[in-house]
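A short worksheet on the structure shown next.
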Amino acid sequence: MPLDERALFNDKPETRPGRYQCPKCHRTNDYSIRWVRRSKKDRLPAGADEVDRAKFAKLRDYLLRLDDQVACKTCGKKFEIPSQHSLVFVDQLEGLPNEEELEREINVASGEAEPEPERKPALPARFTRKSTGWK
Ligand SMILES: [Zn+2]
């Protein structure tokens, strides 16, 4: 039986800031967007076979965006978050100052089938600390 992704990751909710422009009133506001951080587990669950092992070795931590839309802080109209990316790999996130950089980085990365060989072995503290503001 193939392993479900949920058996391979630990999920942790997290909020991240996003700055978006409302398509109706054209005001730009900052929003708190809900994501879930999926961190690869330390080890495979019991009963994993070779296929699972190979799959597990390729896994990377990632963030999944839960919110698809926000309500404009100025006019109250709901609009879709103007970003195609609802899945971001954590190692693509590091050192990027803002969402624009992030988008560009992802666009470049999405053209590659293989993950880049240079990997950081551990997450910096700012990614492992407990997130606040989550209810
Ligand atoms: Zn608006």
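Starting from 1 in every chain, residues are counted up; chains themselves are A, B, ... following the order of the structure tokens, and ligands are numbered from 1 as listed.
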Using only C-alpha atoms, which protein or nucleic acid residues come within 10 Å of Ser86 in chain A? Drop anything in the same chain fewer than 4 positions from it, and give the result as a list in words.
Trp35, Leu63, Leu64, Arg65, Leu66, Asp67, Asp68 and Ile81 of chain A
Show me, as CSV, the residues of chain A having an atom within 7 Å of ligand 1, each with the closest atom pair and its distance in Å, using only C-alpha atoms and all ligand atoms.
```
residue,atom,partner,partner_atom_place_in_ligand_line,distance
A:Cys22,CA,ligand 1,1 (Zn),4.5
A:Pro23,CA,ligand 1,1 (Zn),6.6
A:Lys24,CA,ligand 1,1 (Zn),5.1
A:Cys25,CA,ligand 1,1 (Zn),4.1
A:His26,CA,ligand 1,1 (Zn),6.1
A:Arg27,CA,ligand 1,1 (Zn),5.9
A:Cys72,CA,ligand 1,1 (Zn),4.6
A:Lys73,CA,ligand 1,1 (Zn),6.6
A:Thr74,CA,ligand 1,1 (Zn),5.0
A:Cys75,CA,ligand 1,1 (Zn),4.1
A:Gly76,CA,ligand 1,1 (Zn),6.0
A:Lys77,CA,ligand 1,1 (Zn),5.6
```
Would you put the residues from that selection into a file with N, CA and C atoms, as a PDB file, in the first residue's frame?
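Just written: selection-v2.pdb:
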```
ATOM      1  N   CYS A  22      -6.298  45.466  -4.496  1.00  0.00           N
ATOM      2  CA  CYS A  22      -7.689  45.126  -4.771  1.00  0.00           C
ATOM      3  C   CYS A  22      -8.020  45.473  -6.228  1.00  0.00           C
ATOM      4  N   PRO A  23      -8.636  44.548  -6.966  1.00  0.00           N
ATOM      5  CA  PRO A  23      -8.950  44.830  -8.373  1.00  0.00           C
ATOM      6  C   PRO A  23     -10.099  45.837  -8.524  1.00  0.00           C
ATOM      7  N   LYS A  24     -10.850  46.051  -7.452  1.00  0.00           N
ATOM      8  CA  LYS A  24     -11.986  46.969  -7.548  1.00  0.00           C
ATOM      9  C   LYS A  24     -11.582  48.407  -7.224  1.00  0.00           C
ATOM     10  N   CYS A  25     -10.996  48.609  -6.043  1.00  0.00           N
ATOM     11  CA  CYS A  25     -10.674  49.982  -5.633  1.00  0.00           C
ATOM     12  C   CYS A  25      -9.194  50.314  -5.841  1.00  0.00           C
ATOM     13  N   HIS A  26      -8.408  49.323  -6.226  1.00  0.00           N
ATOM     14  CA  HIS A  26      -6.987  49.503  -6.546  1.00  0.00           C
ATOM     15  C   HIS A  26      -6.137  49.959  -5.371  1.00  0.00           C
ATOM     16  N   ARG A  27      -6.636  49.754  -4.164  1.00  0.00           N
ATOM     17  CA  ARG A  27      -5.820  50.055  -2.992  1.00  0.00           C
ATOM     18  C   ARG A  27      -4.983  48.826  -2.648  1.00  0.00           C
ATOM     19  N   CYS A  72     -11.000  42.844   0.801  1.00  0.00           N
ATOM     20  CA  CYS A  72     -10.286  44.118   0.715  1.00  0.00           C
ATOM     21  C   CYS A  72     -10.478  44.921   1.996  1.00  0.00           C
ATOM     22  N   LYS A  73      -9.379  45.428   2.534  1.00  0.00           N
ATOM     23  CA  LYS A  73      -9.457  46.196   3.773  1.00  0.00           C
ATOM     24  C   LYS A  73     -10.040  47.585   3.544  1.00  0.00           C
ATOM     25  N   THR A  74     -10.043  48.017   2.296  1.00  0.00           N
ATOM     26  CA  THR A  74     -10.547  49.352   2.002  1.00  0.00           C
ATOM     27  C   THR A  74     -12.030  49.326   1.635  1.00  0.00           C
ATOM     28  N   CYS A  75     -12.399  48.487   0.669  1.00  0.00           N
ATOM     29  CA  CYS A  75     -13.789  48.495   0.209  1.00  0.00           C
ATOM     30  C   CYS A  75     -14.562  47.250   0.616  1.00  0.00           C
ATOM     31  N   GLY A  76     -13.882  46.254   1.176  1.00  0.00           N
ATOM     32  CA  GLY A  76     -14.582  45.078   1.676  1.00  0.00           C
ATOM     33  C   GLY A  76     -14.881  44.019   0.636  1.00  0.00           C
ATOM     34  N   LYS A  77     -14.577  44.298  -0.625  1.00  0.00           N
ATOM     35  CA  LYS A  77     -14.853  43.321  -1.669  1.00  0.00           C
ATOM     36  C   LYS A  77     -13.853  42.179  -1.588  1.00  0.00           C
TER      37      LYS A  77
END
```
As a list in words, please: the residues near range 41-51 of chain A (cut-off 9 Å, only C-alpha atoms, same-chain neighbours under 2 positions excluded).
Pro2, Leu3, Ala7, Leu8, Phe9, Asn10, Ser39, Arg53, Ala54, Lys55 and Phe56 of chain A
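One distance worth recording is that between CA of Ala71 in chain A and CA of Pro13 in chain A, which is 20.4 Å.
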Arg19 in chain A environment, 10 Å, only C-alpha atoms, sequence neighbours closer than 5 positions dropped, as a PyMOL selection string:
chain A and resi 28-33+81-82+98-99
Residues from last step as file, N, CA and C atoms, as a PDB file, in the first residue's frame:
```pdb
ATOM      1  N   THR A  28      -3.769  49.090  -2.231  1.00  0.00           N
ATOM      2  CA  THR A  28      -2.892  47.995  -1.825  1.00  0.00           C
ATOM      3  C   THR A  28      -2.863  47.917  -0.307  1.00  0.00           C
ATOM      4  N   ASN A  29      -3.108  46.734   0.218  1.00  0.00           N
ATOM      5  CA  ASN A  29      -3.096  46.520   1.662  1.00  0.00           C
ATOM      6  C   ASN A  29      -2.296  45.273   1.998  1.00  0.00           C
ATOM      7  N   ASP A  30      -1.926  45.212   3.276  1.00  0.00           N
ATOM      8  CA  ASP A  30      -1.238  44.016   3.768  1.00  0.00           C
ATOM      9  C   ASP A  30      -2.248  43.062   4.380  1.00  0.00           C
ATOM     10  N   TYR A  31      -2.075  41.805   4.073  1.00  0.00           N
ATOM     11  CA  TYR A  31      -3.000  40.793   4.575  1.00  0.00           C
ATOM     12  C   TYR A  31      -2.232  39.671   5.245  1.00  0.00           C
ATOM     13  N   SER A  32      -2.907  39.042   6.202  1.00  0.00           N
ATOM     14  CA  SER A  32      -2.346  37.843   6.818  1.00  0.00           C
ATOM     15  C   SER A  32      -2.952  36.633   6.126  1.00  0.00           C
ATOM     16  N   ILE A  33      -2.099  35.878   5.496  1.00  0.00           N
ATOM     17  CA  ILE A  33      -2.561  34.739   4.721  1.00  0.00           C
ATOM     18  C   ILE A  33      -2.255  33.454   5.488  1.00  0.00           C
ATOM     19  N   ILE A  81      -6.498  35.974  -4.407  1.00  0.00           N
ATOM     20  CA  ILE A  81      -5.098  36.334  -4.212  1.00  0.00           C
ATOM     21  C   ILE A  81      -4.384  36.236  -5.560  1.00  0.00           C
ATOM     22  N   PRO A  82      -3.814  37.344  -6.023  1.00  0.00           N
ATOM     23  CA  PRO A  82      -3.246  37.365  -7.379  1.00  0.00           C
ATOM     24  C   PRO A  82      -1.888  36.688  -7.462  1.00  0.00           C
ATOM     25  N   ASN A  98      10.863  39.458  -0.553  1.00  0.00           N
ATOM     26  CA  ASN A  98       9.436  39.745  -0.719  1.00  0.00           C
ATOM     27  C   ASN A  98       8.788  38.812  -1.732  1.00  0.00           C
ATOM     28  N   GLU A  99       7.517  38.957  -1.879  1.00  0.00           N
ATOM     29  CA  GLU A  99       6.748  38.050  -2.723  1.00  0.00           C
ATOM     30  C   GLU A  99       7.148  38.116  -4.198  1.00  0.00           C
TER      31      GLU A  99
END
```
